[in-house]
Amino acid sequence: MDTDTSPLTDLGRAFNGFSVDDLDAAEAFYRDVLGVPVAREAEPMGMLQLQLGDRQVLVYPKGEAHQPASYTVLNFPTDDVRGTVRALADRGVEFLRYDGVPQDDLGVVTSGDGPPIAWFADPAGNVHSVIELGPEPGEG
């Protein structure tokens, strides 16, 4: 479908979101542990907005109905995945291990099939990664 004829008229403002079971724990984790700027909307729902550069991600409460995402919800690019993993581990982040996936002692994937990457979960069990990407096209 040609985006010029799409009925979705404001694709530049599209956003994503995911749920958590405990909004206070999520706010503290993203703000205090990961260092992500977080804004909290007023009650009754009190949703969070994670400010990721020029993008915002909605985090909304579902309480006991929450089911953690088993896929990677957010990928956080870094120039040094091992350094980032060490820094986050020092802040209490535990990195996930997957059977059959070659990971080093930090939990970083060590195969040469893709960029270095390590996964962790937020307090609600949603999976995120830190991933080492090369420069943007046209950079360096």
# chains A, B, ... in the order shown; residues from 1 in each chain; ligands from 1
>>> select_by_dssp(residues="region 46-124 of chain A", states="strand (DSSP E)", output="ChimeraX atom specification")
/A:48-52,55-61,72-78,117-121
>>> write_last_selection(atoms="N, CA and C atoms", output="short mmCIF file (atom, residue, chain, number, x, y, z; two decimals), in the first residue's frame")
data_model
loop_
_atom_site.label_atom_id
_atom_site.label_comp_id
_atom_site.auth_asym_id
_atom_site.auth_seq_id
_atom_site.Cartn_x
_atom_site.Cartn_y
_atom_site.Cartn_z
N LEU A 48 2.39 6.06 32.28
CA LEU A 48 3.72 6.63 32.16
C LEU A 48 4.04 6.90 30.69
N GLN A 49 4.84 7.92 30.47
CA GLN A 49 5.40 8.20 29.16
C GLN A 49 6.91 8.12 29.31
N LEU A 50 7.53 7.17 28.61
CA LEU A 50 8.99 7.09 28.57
C LEU A 50 9.45 7.96 27.43
N GLN A 51 10.35 8.89 27.70
CA GLN A 51 10.86 9.77 26.66
C GLN A 51 12.16 9.19 26.14
N LEU A 52 12.11 8.65 24.92
CA LEU A 52 13.26 8.00 24.30
C LEU A 52 13.68 8.82 23.08
N ARG A 55 11.03 10.13 20.64
CA ARG A 55 9.89 9.21 20.70
C ARG A 55 9.41 9.06 22.13
N GLN A 56 8.12 8.79 22.24
CA GLN A 56 7.55 8.48 23.54
C GLN A 56 6.94 7.09 23.48
N VAL A 57 7.09 6.36 24.57
CA VAL A 57 6.50 5.03 24.69
C VAL A 57 5.56 5.06 25.88
N LEU A 58 4.35 4.59 25.66
CA LEU A 58 3.32 4.56 26.69
C LEU A 58 3.46 3.29 27.52
N VAL A 59 3.45 3.44 28.83
CA VAL A 59 3.45 2.30 29.75
C VAL A 59 2.17 2.43 30.57
N TYR A 60 1.32 1.42 30.47
CA TYR A 60 0.02 1.53 31.10
C TYR A 60 -0.21 0.39 32.10
N PRO A 61 -0.97 0.69 33.16
CA PRO A 61 -1.20 -0.31 34.20
C PRO A 61 -2.31 -1.29 33.80
N THR A 72 11.01 -9.10 22.70
CA THR A 72 11.73 -7.89 23.08
C THR A 72 10.86 -6.67 22.79
N VAL A 73 10.44 -5.99 23.84
CA VAL A 73 9.57 -4.83 23.72
C VAL A 73 10.34 -3.60 23.28
N LEU A 74 11.47 -3.34 23.93
CA LEU A 74 12.31 -2.18 23.61
C LEU A 74 13.75 -2.64 23.43
N ASN A 75 14.42 -2.09 22.44
CA ASN A 75 15.84 -2.31 22.21
C ASN A 75 16.55 -0.99 22.47
N PHE A 76 17.50 -0.99 23.39
CA PHE A 76 18.25 0.21 23.72
C PHE A 76 19.61 0.13 23.05
N PRO A 77 19.84 0.90 21.97
CA PRO A 77 21.14 0.88 21.30
C PRO A 77 22.24 1.47 22.17
N THR A 78 23.43 0.94 21.99
CA THR A 78 24.60 1.42 22.72
C THR A 78 25.83 1.24 21.84
N ILE A 117 24.30 -8.38 21.79
CA ILE A 117 23.02 -8.04 22.41
C ILE A 117 22.88 -8.80 23.71
N ALA A 118 22.21 -8.19 24.69
CA ALA A 118 21.89 -8.84 25.95
C ALA A 118 20.48 -8.42 26.35
N TRP A 119 19.76 -9.33 26.98
CA TRP A 119 18.37 -9.09 27.33
C TRP A 119 18.19 -9.03 28.84
N PHE A 120 17.22 -8.23 29.26
CA PHE A 120 16.83 -8.12 30.66
C PHE A 120 15.33 -7.88 30.73
N ALA A 121 14.77 -8.07 31.91
CA ALA A 121 13.34 -7.85 32.09
C ALA A 121 13.11 -6.69 33.05
#
>>> select_by_dssp(residues="region 23-135 of chain A", states="helix (DSSP H, G or I)", output="count of residues only")
24
>>> atom_distance(atom1="CA of Glu132 (chain A)", atom2="CA of Val93 (chain A)")
17.7 Å
>>> closest_residue(among="A:Glu41, A:Asp90, A:Asp32, A:Glu27", to="Leu106 (chain A)", atoms="only C-alpha atoms")
A:Asp90
>>> residues_around(residues="Tyr71 (chain A)", least_positions_apart="3", cutoff="10 Å", atoms="only C-alpha atoms", output="list of chain:residue names")
A:Pro68, A:Leu74, A:Asn126, A:Val127, A:His128
>>> atom_distance(atom1="CA of Thr84 (chain A)", atom2="CA of Arg97 (chain A)")
16.7 Å
>>> closest_residue(among="A:Ala89, A:Ala14, A:Val108, A:Val81", to="Ile131 (chain A)", atoms="only C-alpha atoms")
A:Val81
>>> residues_around(residues="Lys62 (chain A)", least_positions_apart="4", cutoff="7 Å", atoms="only C-alpha atoms", output="short mmCIF file (atom, residue, chain, number, x, y, z; two decimals) with C-alpha atoms, in the first residue's frame")
data_model
loop_
_atom_site.label_atom_id
_atom_site.label_comp_id
_atom_site.auth_asym_id
_atom_site.auth_seq_id
_atom_site.Cartn_x
_atom_site.Cartn_y
_atom_site.Cartn_z
CA SER A 19 1.52 -2.92 30.06
CA VAL A 20 2.89 -3.48 33.55
CA ASP A 21 1.36 -4.86 36.71
CA HIS A 66 -0.92 -8.02 32.99
#
>>> residues_around(residues="region 100-102 of chain A", least_positions_apart="3", cutoff="7 Å", atoms="only C-alpha atoms", output="list in words")
Val109, Thr110 and Ser111 of chain A
>>> atom_distance(atom1="CA of Ala25 (chain A)", atom2="CA of Ala124 (chain A)")
8.3 Å
>>> closest_residue(among="A:Gly114, A:Pro123, A:Gly53, A:Gly92", to="Val38 (chain A)", atoms="only C-alpha atoms")
A:Gly53
